[in-house]
file data_8.txt (compact mmCIF, C-alpha atoms)
# COMPACT_ATOMS: atom_id res chain seq x y z
CA MET A 141 0.00 0.00 0.00
CA ASN A 142 1.26 3.44 -0.94
CA PRO A 143 0.64 5.62 2.14
CA LEU A 144 0.47 8.86 0.10
CA HIS A 145 -2.17 7.43 -2.24
CA ALA A 146 -4.12 6.16 0.74
CA LEU A 147 -3.93 9.62 2.33
CA THR A 148 -5.24 11.27 -0.86
CA GLU A 149 -8.18 8.86 -1.05
CA LEU A 150 -8.98 9.45 2.61
CA GLN A 151 -8.89 13.24 2.16
CA GLU A 152 -11.16 13.11 -0.88
CA THR A 153 -13.66 10.88 0.92
CA TYR A 154 -13.66 13.12 3.98
CA LEU A 155 -14.11 16.23 1.83
CA GLN A 156 -17.14 14.68 0.11
CA PHE A 157 -18.60 13.87 3.51
CA VAL A 158 -18.11 17.46 4.74
CA GLU A 159 -19.51 19.04 1.59
CA THR A 160 -22.62 16.85 1.80
CA TYR A 161 -23.65 18.68 4.99
CA GLN A 162 -22.49 22.18 4.04
CA SER A 163 -24.07 24.81 1.83
CA TYR A 164 -22.98 28.40 1.22
CA ALA A 165 -25.25 31.29 0.32
CA ASN A 166 -22.27 33.53 -0.33
CA ASP A 167 -19.98 32.64 -3.26
CA ARG A 168 -17.01 34.47 -1.72
CA ILE A 169 -17.26 32.36 1.42
CA ARG A 170 -17.47 29.17 -0.69
CA GLU A 171 -14.33 30.15 -2.64
CA TRP A 172 -12.52 31.10 0.56
CA ILE A 173 -13.32 27.70 2.14
CA HIS A 174 -12.35 25.69 -0.96
CA GLU A 175 -9.10 27.60 -1.34
CA ARG A 176 -8.01 26.76 2.19
CA VAL A 177 -9.15 23.17 1.94
CA HIS A 178 -7.02 22.56 -1.15
CA GLU A 179 -4.09 24.33 0.44
CA GLY A 180 -4.29 21.62 3.04
CA SER A 181 -4.55 23.86 6.09
CA PHE A 182 -8.27 23.88 6.86
CA LEU A 183 -9.54 20.30 7.22
CA TRP A 184 -6.16 18.55 7.51
CA ARG A 185 -2.46 19.18 7.64
CA GLN A 186 0.11 18.15 5.09
CA PRO A 187 1.59 14.67 5.67
CA PHE A 188 4.55 14.44 8.05
CA LEU A 189 6.92 11.56 7.34
CA THR A 190 9.66 10.23 9.56
CA ILE A 191 12.20 7.49 8.95
CA GLN A 192 13.12 5.52 12.06
CA ARG A 193 16.43 3.75 12.02
CA HIS A 194 16.96 0.39 13.67
CA PHE A 195 18.20 0.39 17.25
CA THR A 196 21.84 -0.49 17.72
CA ALA A 197 22.18 -4.12 18.76
CA GLY A 198 23.45 -4.96 22.25
CA ARG A 199 25.06 -8.04 23.74
CA ARG A 200 23.10 -11.28 23.41
CA VAL A 201 21.38 -12.80 26.43
CA GLU A 202 23.49 -15.95 26.08
CA GLU A 203 26.68 -13.87 26.29
CA LEU A 204 25.46 -12.10 29.44
CA ILE A 205 24.66 -15.45 31.06
CA GLN A 206 28.10 -16.82 30.18
CA ALA A 207 29.70 -13.65 31.55
CA GLY A 208 27.88 -14.17 34.86
CA LEU A 209 25.83 -10.99 34.61
CA PHE A 210 22.51 -12.84 34.26
CA HIS A 211 21.07 -15.87 36.03
CA PRO A 212 21.09 -18.96 33.74
CA ARG A 213 17.28 -19.01 33.55
CA MET A 214 17.13 -15.55 31.96
CA ASP A 215 17.22 -17.07 28.49
CA TYR A 216 13.81 -18.56 29.38
CA VAL A 217 12.44 -15.36 30.94
CA LEU A 218 13.52 -13.17 28.01
CA ARG A 219 12.10 -15.46 25.32
CA ARG A 220 10.73 -13.73 22.23
CA ASP A 221 7.28 -15.32 22.52
CA PRO A 222 6.05 -15.49 26.14
CA ALA A 223 3.44 -18.08 25.13
CA ASP A 224 6.12 -20.43 23.77
CA PRO A 225 8.49 -21.72 26.48
CA GLY A 226 10.84 -23.05 23.79
CA SER A 227 11.28 -19.84 21.79
CA ARG A 228 14.71 -18.24 21.54
CA PRO A 229 15.72 -15.25 23.71
CA ILE A 230 15.13 -11.72 22.47
CA LEU A 231 17.88 -9.82 20.67
CA PRO A 232 18.69 -7.00 23.12
CA ARG A 233 19.22 -3.43 22.00
CA LYS A 234 22.30 -1.53 23.07
CA HIS A 235 20.47 0.74 25.53
CA GLN A 236 19.02 -2.37 27.18
CA SER A 237 22.31 -4.21 27.63
CA ASP A 238 23.96 -0.93 28.72
CA ALA A 239 21.33 -0.53 31.44
CA TRP A 240 21.83 -4.14 32.54
CA HIS A 241 25.58 -3.59 32.91
CA ILE A 242 25.00 -0.41 34.94
CA LEU A 243 22.50 -2.08 37.29
CA LEU A 244 24.13 -5.50 37.67
CA GLY A 245 27.78 -4.61 37.18
CA PRO A 246 30.37 -4.62 39.97
CA HIS A 247 29.41 -1.10 41.10
CA GLY A 248 25.61 -1.59 40.99
CA ARG A 249 24.79 2.01 40.08
CA ASN A 250 21.39 3.67 39.71
CA CYS A 251 20.17 4.16 36.16
CA VAL A 252 17.78 6.46 34.27
CA VAL A 253 16.55 5.22 30.89
CA SER A 254 15.27 7.87 28.50
CA THR A 255 14.23 6.57 25.09
CA GLY A 256 11.22 6.46 22.79
CA THR A 257 7.97 4.55 22.90
CA ALA A 258 8.17 0.80 22.13
CA SER A 259 11.94 0.81 22.55
CA GLY A 260 11.97 -1.84 25.28
CA LYS A 261 12.36 0.31 28.40
CA SER A 262 10.53 -2.23 30.56
CA PHE A 263 13.16 -4.90 29.87
CA CYS A 264 15.82 -2.40 30.98
CA PHE A 265 14.64 -2.63 34.58
CA SER A 266 12.61 -5.84 34.75
CA ALA A 267 15.35 -8.16 33.48
CA PRO A 268 17.97 -7.18 36.11
CA ALA A 269 15.35 -7.34 38.87
CA ILE A 270 14.25 -10.83 37.80
CA SER A 271 17.83 -12.08 37.53
CA ALA A 272 18.64 -10.76 41.01
CA ALA A 273 15.46 -12.32 42.44
CA LEU A 274 16.35 -15.70 40.93
CA HIS A 275 19.79 -15.53 42.51
CA ALA A 276 18.34 -14.43 45.87
CA ASN A 277 15.81 -17.27 46.04
CA GLU A 278 18.43 -19.76 44.95
CA ALA A 279 20.81 -18.58 47.65
CA SER A 280 18.12 -18.86 50.33
CA ARG A 281 17.01 -22.27 49.04
CA LEU A 282 13.42 -21.10 49.08
CA GLY A 283 11.16 -24.14 48.89
CA PRO A 284 7.50 -24.51 47.84
CA GLY A 285 5.04 -22.86 50.19
CA HIS A 286 7.60 -20.57 51.80
CA ARG A 287 7.00 -16.87 51.95
CA ARG A 288 8.88 -14.59 49.59
CA GLY A 289 10.27 -11.23 50.58
CA VAL A 290 9.81 -8.37 48.09
CA LYS A 291 12.99 -8.01 46.06
CA ALA A 292 11.83 -5.51 43.46
CA LEU A 293 9.23 -2.75 43.67
CA PHE A 294 7.85 -1.34 40.40
CA ILE A 295 5.87 1.91 40.77
CA TYR A 296 3.67 3.05 37.87
CA PRO A 297 1.80 6.37 37.62
CA MET A 298 -1.33 4.73 36.15
CA ASN A 299 -3.00 1.37 36.72
CA ALA A 300 -3.37 0.84 32.96
CA LEU A 301 0.42 0.78 32.60
CA ALA A 302 0.79 -1.49 35.61
CA ASN A 303 -1.84 -3.94 34.31
CA SER A 304 -0.20 -4.16 30.89
CA GLN A 305 3.26 -4.87 32.28
CA TYR A 306 1.92 -7.29 34.90
CA GLU A 307 0.30 -9.59 32.33
CA ASP A 308 3.50 -9.95 30.31
CA LEU A 309 5.65 -10.34 33.41
CA ALA A 310 3.42 -12.99 35.01
CA GLU A 311 3.50 -15.13 31.88
CA ARG A 312 7.27 -14.85 31.56
CA LEU A 313 7.77 -15.84 35.21
CA HIS A 314 5.61 -18.95 34.91
CA ARG A 315 7.65 -22.01 36.01
CA THR A 316 10.59 -19.91 37.24
CA GLY A 317 9.70 -20.15 40.94
CA LEU A 318 9.26 -16.37 41.20
CA THR A 319 6.02 -14.63 42.15
CA VAL A 320 4.60 -11.25 41.13
CA CYS A 321 1.68 -9.25 42.52
CA ASN A 322 -0.11 -6.27 40.99
CA TYR A 323 -1.18 -4.42 44.15
CA THR A 324 -3.67 -1.77 43.09
CA GLY A 325 -7.04 -0.83 44.53
CA ASP A 326 -8.60 -3.54 42.35
CA LEU A 327 -6.72 -6.41 44.01
CA PRO A 328 -9.34 -8.65 45.72
CA GLU A 329 -9.10 -9.44 49.42
CA GLU A 330 -9.88 -13.18 49.24
CA ARG A 331 -8.56 -15.88 46.93
CA ALA A 332 -11.99 -17.27 45.96
CA THR A 333 -13.11 -13.86 44.72
CA ALA A 334 -9.79 -13.37 42.95
CA LEU A 335 -10.01 -16.68 41.09
CA ARG A 336 -13.59 -16.02 39.99
CA ARG A 337 -12.69 -12.55 38.73
CA TYR A 338 -9.53 -13.87 37.09
CA THR A 339 -11.46 -16.40 35.02
CA GLU A 340 -14.00 -13.77 33.98
CA VAL A 341 -11.31 -11.33 32.85
CA THR A 342 -8.76 -13.66 31.23
CA GLY A 343 -10.93 -16.58 30.15
CA ARG A 344 -8.34 -19.00 31.56
CA PRO A 345 -9.38 -21.46 34.30
CA GLU A 346 -6.07 -21.36 36.15
CA PRO A 347 -3.59 -18.52 36.77
CA TRP A 348 0.12 -18.78 36.10
CA ASP A 349 2.01 -20.25 39.04
CA SER A 350 3.80 -16.90 39.35
CA GLU A 351 0.67 -14.88 40.11
CA VAL A 352 -0.32 -13.64 43.55
CA LEU A 353 -3.99 -12.79 43.03
CA CYS A 354 -5.28 -11.52 46.37
CA ARG A 355 -4.26 -9.51 49.40
CA GLU A 356 -4.48 -12.52 51.71
CA ASP A 357 -1.78 -14.34 49.75
CA LEU A 358 0.37 -11.22 49.56
CA ARG A 359 0.22 -10.46 53.28
CA ASP A 360 0.07 -13.89 54.92
CA GLY A 361 0.56 -16.46 52.19
CA ARG A 362 3.14 -16.75 49.48
CA GLY A 363 4.26 -13.13 49.45
CA ALA A 364 5.72 -11.68 46.26
CA ASP A 365 9.22 -11.47 44.82
CA ILE A 366 8.19 -8.57 42.57
CA LEU A 367 5.55 -6.09 43.70
CA ILE A 368 3.86 -3.81 41.15
CA THR A 369 1.94 -0.85 42.57
CA ASN A 370 1.40 2.91 42.43
CA CYS A 371 2.29 5.77 44.75
CA VAL A 372 -1.10 5.88 46.45
CA MET A 373 -1.03 2.17 47.27
CA LEU A 374 2.59 2.35 48.42
CA GLU A 375 1.55 5.11 50.83
CA LEU A 376 -1.16 2.79 52.19
CA ILE A 377 1.25 -0.14 52.47
CA LEU A 378 3.54 1.95 54.67
CA THR A 379 0.75 3.30 56.89
CA ARG A 380 -2.10 0.76 56.95
CA TYR A 381 -1.93 -1.72 59.83
CA GLU A 382 -3.09 -4.77 57.88
CA ASP A 383 -0.41 -4.15 55.23
CA ARG A 384 2.49 -4.19 57.67
CA ARG A 385 3.27 -7.75 56.60
CA VAL A 386 3.90 -6.81 52.96
CA PHE A 387 7.37 -5.59 53.95
CA PRO A 388 8.29 -7.72 57.01
CA PHE A 389 11.13 -6.12 58.97
CA GLY A 390 13.06 -9.38 58.89
CA GLN A 391 13.05 -9.39 55.08
CA LEU A 392 13.67 -5.74 54.24
CA SER A 393 17.20 -6.59 53.17
CA ASP A 394 15.73 -8.54 50.23
CA LEU A 395 14.48 -5.33 48.59
CA SER A 396 17.18 -4.27 46.14
CA PHE A 397 15.31 -2.71 43.19
CA LEU A 398 13.07 0.37 43.27
CA VAL A 399 11.73 1.36 39.86
CA LEU A 400 9.81 4.54 39.04
CA ASP A 401 8.32 4.14 35.59
CA GLU A 402 7.49 7.31 33.59
CA ILE A 403 9.56 9.30 36.06
CA HIS A 404 9.13 12.50 34.03
CA THR A 405 5.49 12.65 35.20
CA TYR A 406 6.53 13.24 38.82
CA THR A 407 6.93 17.02 38.76
CA GLY A 408 6.05 19.88 41.10
CA ARG A 409 4.16 18.97 44.25
CA GLN A 410 3.64 15.39 43.12
CA GLY A 411 7.38 15.01 42.58
CA ALA A 412 8.05 16.29 46.10
CA ASP A 413 5.46 13.87 47.52
CA VAL A 414 7.06 10.93 45.72
CA ALA A 415 10.53 11.96 46.92
CA CYS A 416 9.32 11.96 50.53
CA LEU A 417 7.54 8.64 49.99
CA VAL A 418 10.73 7.03 48.66
CA ARG A 419 12.74 8.35 51.60
CA ARG A 420 10.22 6.94 54.06
CA LEU A 421 10.27 3.58 52.28
call {"tool": "encode", "arguments": {"input": "data_8.txt", "output": "structure tokens"}}
result
Amino acid sequence: MNPLHALTELQETYLQFVETYQSYANDRIREWIHERVHEGSFLWRQPFLTIQRHFTAGRRVEELIQAGLFHPRMDYVLRRDPADPGSRPILPRKHQSDAWHILLGPHGRNCVVSTGTASGKSFCFSAPAISAALHANEASRLGPGHRRGVKALFIYPMNALANSQYEDLAERLHRTGLTVCNYTGDLPEERATALRRYTEVTGRPEPWDSEVLCREDLRDGRGADILITNCVMLELILTRYEDRRVFPFGQLSDLSFLVLDEIHTYTGRQGADVACLVRRL
């Protein structure tokens, strides 16, 4: 399909639609309207074309595993097709592997990732957090049924963003032994309610084994290795009595990753509030 031809056809169709409902008693007004329409500044703008170059390739996941930067199971977590456990790992982009080296390297520095939409920013922070959580659980020899301490906290400004990332993350963590919880105001209190709602929303009878679906399981049951939430809920976690068990004092040392997604949205008073919240955490 030629995009310029398609644009011309769309403009002509739209113009016919507009003219069907318009009539002019004054010929000068009709000429003035038609002149500006055909100049392309009245009903639409001229087309704006951009050419996006490919991202520079980074180091392969297999190389990072061999170098000891990633846990050996990361080739499974970072598979290209989350629905296919046997698919090959993704081909990382340079800004992704650079971020992984900054976060997991010998100095373990903080990192800010600033790049365009659909450039893989989520992998920049989720992959190191998952790798570290796998190592932590392996070192503690965490067995089935034991409670997990939160090792990574992902804070999103909107629930829609959190929900989208949670679904992909939960599927990737299936059969890894890690757990993830999306703690927003919509998280049910009891497991029976959570399972019923889960089936209604997803159409699947059973959740992934990585999913913590209710507040009971988060507080008193399995716990979560990775906790996804927002600033309002984090405030409640730190102040609400029944949530005191989300971050047990004996397991605070497990928390090693704090991620603020869309950090540019935290400006002015909201930015100051978030800064104080992080300090209190």
call {"tool": "atom_distance", "arguments": {"input": "data_8.txt", "atom1": "atom CA of A:Arg315", "atom2": "atom CA of A:Asp349"}}
result
6.6 Å
call {"tool": "closest_residue", "arguments": {"input": "data_8.txt", "among": "A:Asp238, A:Gly208, A:Phe387, A:Leu417", "to": "A:Glu375", "atoms": "all atoms listed in the file"}}
result
A:Leu417
call {"tool": "atom_distance", "arguments": {"input": "data_8.txt", "atom1": "atom CA of A:Met298", "atom2": "atom CA of A:Val320"}}
result
17.8 Å
call {"tool": "atom_distance", "arguments": {"input": "data_8.txt", "atom1": "atom CA of A:Leu318", "atom2": "atom CA of A:Asp365"}}
result
6.1 Å
call {"tool": "axis_aligned_box", "arguments": {"input": "data_8.txt", "around": "stretch 394-398 of chain A", "padding_each_side": "8 Å", "output": "JSON"}}
result
{"center_x": 15.1, "center_y": -4.1, "center_z": 46.7, "size_x": 20.1, "size_y": 24.9, "size_z": 23.0}
call {"tool": "residues_around", "arguments": {"input": "data_8.txt", "residues": "stretch 184-200 of chain A", "least_positions_apart": "6", "cutoff": "6 Å", "atoms": "all atoms listed in the file", "output": "MDAnalysis selection string"}}
result
chainID A and resid 232:234 237
call {"tool": "closest_residue", "arguments": {"input": "data_8.txt", "among": "A:Arg213, A:His174, A:His145, A:His275", "to": "A:Pro225", "atoms": "only C-alpha atoms"}}
result
A:Arg213
call {"tool": "closest_residue", "arguments": {"input": "data_8.txt", "among": "A:Gly226, A:Pro297, A:Gly289, A:Pro345", "to": "A:Asn370", "atoms": "only C-alpha atoms"}}
result
A:Pro297
call {"tool": "residues_around", "arguments": {"input": "data_8.txt", "residues": "A:Gly260", "least_positions_apart": "4", "cutoff": "12 Å", "atoms": "all atoms listed in the file", "output": "PyMOL selection string"}}
result
chain A and resi 195+218+230-237+239+253-256+264-267+305
call {"tool": "closest_residue", "arguments": {"input": "data_8.txt", "among": "A:Arg419, A:Arg336, A:Arg331, A:Arg362", "to": "A:Leu398", "atoms": "only C-alpha atoms"}}
result
A:Arg419
call {"tool": "closest_residue", "arguments": {"input": "data_8.txt", "among": "A:Ala165, A:Phe182, A:Arg359, A:Ser271", "to": "A:Val201", "atoms": "all atoms listed in the file"}}
result
A:Ser271
call {"tool": "residues_around", "arguments": {"input": "data_8.txt", "residues": "A:Ala272", "least_positions_apart": "6", "cutoff": "12 Å", "atoms": "all atoms listed in the file", "output": "list in words"}}
result
Gly208, Leu209, Phe210, His211, Pro212, Arg213, Met214, Trp240, Leu243, Leu244, Gly245, Gly248, Phe265, Ser266, Glu278, Ala279, Val290, Lys291, Ala292, Leu318, Asp365, Ile366, Asp394, Leu395, Ser396 and Phe397 of chain A
call {"tool": "closest_residue", "arguments": {"input": "data_8.txt", "among": "A:Gln410, A:Ser350, A:Thr369, A:Asn277", "to": "A:Asn322", "atoms": "only C-alpha atoms"}}
result
A:Thr369
call {"tool": "residues_around", "arguments": {"input": "data_8.txt", "residues": "A:Asp224", "least_positions_apart": "6", "cutoff": "12 Å", "atoms": "all atoms listed in the file", "output": "PyMOL selection string"}}
result
chain A and resi 216-218+311-312+314
call {"tool": "residues_around", "arguments": {"input": "data_8.txt", "residues": "A:Pro347", "least_positions_apart": "5", "cutoff": "10 Å", "atoms": "all atoms listed in the file", "output": "MDAnalysis selection string"}}
result
chainID A and resid 310:311 314 335 338:339 342 352:353
call {"tool": "write_last_selection", "arguments": {"input": "data_8.txt", "atoms": "C-alpha atoms", "output": "PDB file, in the frame of the given file"}}
result
ATOM      1  CA  ALA A 310       3.420 -12.990  35.010  1.00  0.00           C
ATOM      2  CA  GLU A 311       3.500 -15.130  31.880  1.00  0.00           C
ATOM      3  CA  HIS A 314       5.610 -18.950  34.910  1.00  0.00           C
ATOM      4  CA  LEU A 335     -10.010 -16.680  41.090  1.00  0.00           C
ATOM      5  CA  TYR A 338      -9.530 -13.870  37.090  1.00  0.00           C
ATOM      6  CA  THR A 339     -11.460 -16.400  35.020  1.00  0.00           C
ATOM      7  CA  THR A 342      -8.760 -13.660  31.230  1.00  0.00           C
ATOM      8  CA  VAL A 352      -0.320 -13.640  43.550  1.00  0.00           C
ATOM      9  CA  LEU A 353      -3.990 -12.790  43.030  1.00  0.00           C
TER      10      LEU A 353
END
call {"tool": "residues_near_point", "arguments": {"input": "data_8.txt", "point": "(-14.9, 23.8, 6.5)", "cutoff": "8 Å", "atoms": "only C-alpha atoms", "output": "PyMOL selection string"}}
result
chain A and resi 158+173+177+182-183
call {"tool": "build_atoms", "arguments": {"input": "data_8.txt", "residues": "stretch 358-369 of chain A", "atoms": "all heavy atoms", "output": "compact mmCIF listing (two decimals), in the coordinates of the input"}}
result
# COMPACT_ATOMS: atom_id res chain seq x y z
N LEU A 358 -0.75 -12.16 49.51
CA LEU A 358 0.37 -11.22 49.56
C LEU A 358 0.83 -10.99 50.99
O LEU A 358 2.03 -10.98 51.27
CB LEU A 358 -0.03 -9.90 48.91
CG LEU A 358 1.01 -8.77 48.98
CD1 LEU A 358 2.27 -9.15 48.19
CD2 LEU A 358 0.43 -7.46 48.44
N ARG A 359 -0.13 -10.82 51.91
CA ARG A 359 0.22 -10.46 53.28
C ARG A 359 0.64 -11.68 54.11
O ARG A 359 1.63 -11.64 54.84
CB ARG A 359 -0.98 -9.79 53.96
CG ARG A 359 -1.38 -8.46 53.35
CD ARG A 359 -2.76 -8.05 53.86
NE ARG A 359 -3.21 -6.79 53.29
CZ ARG A 359 -4.49 -6.41 53.27
NH1 ARG A 359 -5.42 -7.20 53.80
NH2 ARG A 359 -4.83 -5.25 52.74
N ASP A 360 -0.13 -12.76 54.01
CA ASP A 360 0.07 -13.89 54.92
C ASP A 360 0.42 -15.19 54.23
O ASP A 360 0.74 -16.17 54.90
CB ASP A 360 -1.21 -14.10 55.76
CG ASP A 360 -1.57 -12.88 56.56
OD1 ASP A 360 -0.66 -12.31 57.19
OD2 ASP A 360 -2.74 -12.48 56.55
N GLY A 361 0.32 -15.21 52.91
CA GLY A 361 0.56 -16.46 52.19
C GLY A 361 1.92 -16.51 51.53
O GLY A 361 2.96 -16.47 52.19
N ARG A 362 1.90 -16.54 50.23
CA ARG A 362 3.14 -16.75 49.48
C ARG A 362 4.04 -15.53 49.48
O ARG A 362 5.25 -15.64 49.32
CB ARG A 362 2.79 -17.09 48.03
CG ARG A 362 1.88 -18.29 47.88
CD ARG A 362 1.34 -18.39 46.48
NE ARG A 362 2.40 -18.70 45.53
CZ ARG A 362 2.29 -18.53 44.21
NH1 ARG A 362 1.18 -18.02 43.72
NH2 ARG A 362 3.27 -18.84 43.42
N GLY A 363 3.47 -14.33 49.63
CA GLY A 363 4.26 -13.13 49.45
C GLY A 363 4.56 -12.92 47.98
O GLY A 363 4.04 -13.63 47.12
N ALA A 364 5.40 -11.96 47.66
CA ALA A 364 5.72 -11.68 46.26
C ALA A 364 7.19 -11.31 46.13
O ALA A 364 7.71 -10.55 46.94
CB ALA A 364 4.85 -10.54 45.72
N ASP A 365 7.84 -11.86 45.11
CA ASP A 365 9.22 -11.47 44.82
C ASP A 365 9.25 -10.09 44.16
O ASP A 365 10.15 -9.29 44.42
CB ASP A 365 9.88 -12.49 43.89
CG ASP A 365 10.02 -13.85 44.55
OD1 ASP A 365 10.69 -13.92 45.59
OD2 ASP A 365 9.46 -14.83 44.04
N ILE A 366 8.28 -9.85 43.26
CA ILE A 366 8.19 -8.57 42.57
C ILE A 366 6.81 -7.98 42.85
O ILE A 366 5.79 -8.63 42.63
CB ILE A 366 8.39 -8.75 41.05
CG1 ILE A 366 9.79 -9.29 40.77
CG2 ILE A 366 8.18 -7.42 40.31
CD1 ILE A 366 10.04 -9.63 39.30
N LEU A 367 6.80 -6.76 43.36
CA LEU A 367 5.55 -6.09 43.70
C LEU A 367 5.35 -4.90 42.77
O LEU A 367 6.20 -4.00 42.70
CB LEU A 367 5.57 -5.61 45.15
CG LEU A 367 4.27 -4.99 45.68
CD1 LEU A 367 3.15 -6.01 45.70
CD2 LEU A 367 4.49 -4.41 47.08
N ILE A 368 4.24 -4.90 42.04
CA ILE A 368 3.86 -3.81 41.15
C ILE A 368 2.78 -3.00 41.85
O ILE A 368 1.80 -3.55 42.35
CB ILE A 368 3.35 -4.35 39.81
CG1 ILE A 368 4.45 -5.12 39.09
CG2 ILE A 368 2.83 -3.23 38.93
CD1 ILE A 368 4.00 -5.79 37.81
N THR A 369 2.93 -1.68 41.87
CA THR A 369 1.94 -0.85 42.57
C THR A 369 2.02 0.58 42.05
O THR A 369 2.68 0.86 41.04
CB THR A 369 2.16 -0.92 44.10
OG1 THR A 369 1.08 -0.28 44.76
CG2 THR A 369 3.47 -0.27 44.50
